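Shown next, in structure tokens, is the structure this report addresses.
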Amino acid sequence: MSSDELQNILEQTWSGLTKAAGQADHPWRLPALGTQGLNGPDVRTMVLRSVDATTRQLTAQTDIRSAKVPGFRKDPRVAWHFFDPQTRIQVRANGRVAVHHDDEVTHAAWAAVPEANKRNYATSSAPGSPVDDLSPGQAQAAGDAAAYANFAVLSSEITFIDWLQLDDEQHRRAQFTWTGSDWHGTWMVP
Ligand SMILES: Cc1cc2nc3c(=O)[nH]c(=O)nc-3n(C[C@H](O)[C@H](O)[C@H](O)COP(=O)(O)O)c2cc1C
């Protein structure tokens, strides 16, 4: 890393993301996740569920039947977007998603899903299916096993971060690229 300040920014970015995953009211807790959908660019709000700075993983949870999943099979590249209006820091993180379904990753994550949230995975029809009225498409009182069958964990390995802070005195922007063994940081014109 070319300067201590770049190193600080990278460390603060990962520690902020880690904090966000465990703090419901953190502004980075609800990022937007951009993908190449089957019909072109797509973006949606997700809950950031866990962060591992060492392995550069950001994870989210979803219904395996949702439209984004076949999109990942077509193109696993993703862009996360985080913004904190207080600090005016924007972080964009790019990586590739691996979809976990009915494996040890989903098994461990499912054990921590609150009972009320488990019902979200128990709808009889897939998310995004048209319904005549809302009640039949809503979560049914299906068993835990049926809900778990629809549960997926999206693990994205991050290889690029674009960091931007808007400040009244001086805007600052930096980019960090994973070289395969280390992060390479550089200042950018904002
Ligand atoms: C505050 C908020 C949090 C959300 N969190 C998630 C989430 O963690 N996982 C998820 O699959 N969808 C989540 N959604 C719904 C998605 O934004 C999206 O509508 C849904 O996943 C369907 O997207 P798709 O059609 O691209 O698959 C959330 C929506 C909001 C408004």
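To be explicit about the labels: the chains of the structure tokens are called A, B, and onward in the order shown, and within each one the residues are counted from 1, while ligands get numbers from 1 in the order they are shown.
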
All residues having an atom within 6 Å of ligand 1 (only C-alpha atoms and all ligand atoms) as a PDB file with C-alpha atoms, in the first residue's frame:
```pdb
ATOM      1  CA  ARG A  44     -32.114  -4.465  -5.320  1.00  0.00           C
ATOM      2  CA  THR A  45     -31.820  -3.758  -1.581  1.00  0.00           C
ATOM      3  CA  MET A  46     -30.380  -6.604   0.508  1.00  0.00           C
ATOM      4  CA  VAL A  47     -29.578  -7.126   4.177  1.00  0.00           C
ATOM      5  CA  ALA A  60     -26.567 -12.108   2.052  1.00  0.00           C
ATOM      6  CA  GLN A  61     -29.503 -14.482   2.221  1.00  0.00           C
ATOM      7  CA  THR A  62     -32.237 -15.057  -0.307  1.00  0.00           C
ATOM      8  CA  ASP A  63     -34.893 -17.417  -1.633  1.00  0.00           C
ATOM      9  CA  SER A  66     -35.886 -15.644  -6.690  1.00  0.00           C
ATOM     10  CA  ALA A  67     -35.063 -14.216 -10.130  1.00  0.00           C
ATOM     11  CA  LYS A  68     -31.586 -13.092  -9.086  1.00  0.00           C
TER      12      LYS A  68
END
```

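Summary of the local environment: counting only C-alpha atoms, residues at most 8 Å from Gln90 of chain A, other than itself and those fewer than 6 positions away along its chain, are His81, Phe82, Phe83, Asp84, Trp163, Leu164 and Gln165 of chain A.
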
When DSSP works through the backbone of this structure, what residues of chain A end up as strand (DSSP E), shown as a PyMOL selection string?
chain A and resi 32-37+40-45+50-52+57-63+77-84+89-101+151-165+172-178+183-188

Expected file contents, prior selection, C-alpha atoms, as a CSV table (one decimal), in the first residue's frame:
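Okay, this is what ended up in out.csv:
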```
chain,number,residue,atom,x,y,z
A,32,ALA,CA,-27.9,-2.3,-3.0
A,33,LEU,CA,-26.8,-5.3,-4.9
A,34,GLY,CA,-26.3,-4.8,-8.6
A,35,THR,CA,-26.2,-7.8,-11.0
A,36,GLN,CA,-26.3,-8.7,-14.6
A,37,GLY,CA,-29.9,-10.0,-14.7
A,40,GLY,CA,-30.1,-6.7,-18.4
A,41,PRO,CA,-28.8,-4.7,-15.4
A,42,ASP,CA,-30.7,-5.3,-12.1
A,43,VAL,CA,-30.4,-3.9,-8.6
A,44,ARG,CA,-32.1,-4.5,-5.3
A,45,THR,CA,-31.8,-3.8,-1.6
A,50,SER,CA,-22.0,-11.3,7.4
A,51,VAL,CA,-18.6,-9.9,6.6
A,52,ASP,CA,-15.2,-11.6,6.7
A,57,GLN,CA,-16.5,-12.2,1.9
A,58,LEU,CA,-19.8,-10.3,2.0
A,59,THR,CA,-22.8,-12.5,2.5
A,60,ALA,CA,-26.6,-12.1,2.1
A,61,GLN,CA,-29.5,-14.5,2.2
A,62,THR,CA,-32.2,-15.1,-0.3
A,63,ASP,CA,-34.9,-17.4,-1.6
A,77,ARG,CA,-20.2,-10.8,-11.0
A,78,VAL,CA,-21.9,-8.4,-8.6
A,79,ALA,CA,-21.5,-4.8,-7.4
A,80,TRP,CA,-22.5,-3.8,-3.9
A,81,HIS,CA,-23.3,-0.2,-3.1
A,82,PHE,CA,-23.1,1.3,0.4
A,83,PHE,CA,-23.7,4.9,1.4
A,84,ASP,CA,-23.6,6.6,4.8
A,89,ILE,CA,-18.8,7.9,2.4
A,90,GLN,CA,-19.8,5.7,-0.6
A,91,VAL,CA,-18.3,2.3,-1.0
A,92,ARG,CA,-18.7,0.2,-4.1
A,93,ALA,CA,-17.4,-3.3,-3.8
A,94,ASN,CA,-17.2,-5.7,-6.7
A,95,GLY,CA,-16.8,-9.5,-6.6
A,96,ARG,CA,-18.3,-12.8,-7.6
A,97,VAL,CA,-21.2,-14.6,-6.0
A,98,ALA,CA,-21.3,-18.3,-5.0
A,99,VAL,CA,-24.8,-19.6,-4.3
A,100,HIS,CA,-25.0,-21.9,-1.3
A,101,HIS,CA,-28.1,-24.2,-1.1
A,151,PHE,CA,-33.1,-20.8,1.7
A,152,ALA,CA,-29.9,-19.8,0.0
A,153,VAL,CA,-26.8,-17.9,1.1
A,154,LEU,CA,-25.0,-15.7,-1.3
A,155,SER,CA,-21.3,-15.4,-0.6
A,156,SER,CA,-19.5,-12.8,-2.6
A,157,GLU,CA,-15.7,-12.7,-2.7
A,158,ILE,CA,-14.6,-9.0,-3.1
A,159,THR,CA,-11.7,-8.2,-5.4
A,160,PHE,CA,-12.2,-4.5,-6.0
A,161,ILE,CA,-13.4,-1.5,-3.8
A,162,ASP,CA,-14.0,2.1,-4.9
A,163,TRP,CA,-14.2,4.4,-1.9
A,164,LEU,CA,-15.4,8.0,-2.1
A,165,GLN,CA,-15.9,10.7,0.6
A,172,ARG,CA,-11.3,12.1,-1.7
A,173,ARG,CA,-11.5,8.9,-3.7
A,174,ALA,CA,-9.4,5.8,-3.6
A,175,GLN,CA,-9.5,2.4,-5.3
A,176,PHE,CA,-8.3,-0.9,-3.9
A,177,THR,CA,-7.6,-4.0,-6.1
A,178,TRP,CA,-7.0,-7.4,-4.8
A,183,TRP,CA,-4.7,-5.1,-1.6
A,184,HIS,CA,-3.2,-2.5,-3.9
A,185,GLY,CA,-4.5,1.0,-3.1
A,186,THR,CA,-4.3,4.1,-5.2
A,187,TRP,CA,-5.8,7.6,-4.9
A,188,MET,CA,-8.1,8.7,-7.7
```

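Listed by chain and then by rising number, the residues of segment 94-124 of chain A that DSSP assigns to helix (DSSP H, G or I) from the backbone are Glu104, Val105, Thr106, His107, Ala108, Ala109, Trp110, Ala111, Glu115, Ala116, Asn117, Lys118, Arg119, Asn120 and Tyr121 of chain A.
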
Can you write just those residues out, C-alpha atoms, as a CSV table (one decimal), in the first residue's frame?
```csv
chain,number,residue,atom,x,y,z
A,104,GLU,CA,-23.0,-26.6,5.5
A,105,VAL,CA,-23.0,-22.9,4.9
A,106,THR,CA,-26.8,-22.7,4.6
A,107,HIS,CA,-27.2,-25.2,7.5
A,108,ALA,CA,-25.2,-23.0,9.9
A,109,ALA,CA,-26.9,-19.7,8.7
A,110,TRP,CA,-30.4,-21.2,9.0
A,111,ALA,CA,-29.8,-22.0,12.7
A,115,GLU,CA,-38.3,-18.1,13.5
A,116,ALA,CA,-40.4,-15.2,12.2
A,117,ASN,CA,-38.1,-14.7,9.3
A,118,LYS,CA,-38.1,-18.4,8.4
A,119,ARG,CA,-41.7,-18.0,7.3
A,120,ASN,CA,-40.5,-15.7,4.4
A,121,TYR,CA,-39.0,-18.8,2.8
```

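Atom pair atom CA of Ser181 of chain A / atom CA of Ala53 of chain A: separated by 13.4 Å.
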
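The interatomic distance for the pair atom CA of Ser125 of chain A and atom CA of Arg65 of chain A works out to 8.9 Å.
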
Among A:Arg49, A:Pro76, A:Thr55, A:Ala122, Ala24 of chain A is approached most closely, using only C-alpha atoms, by A:Arg49
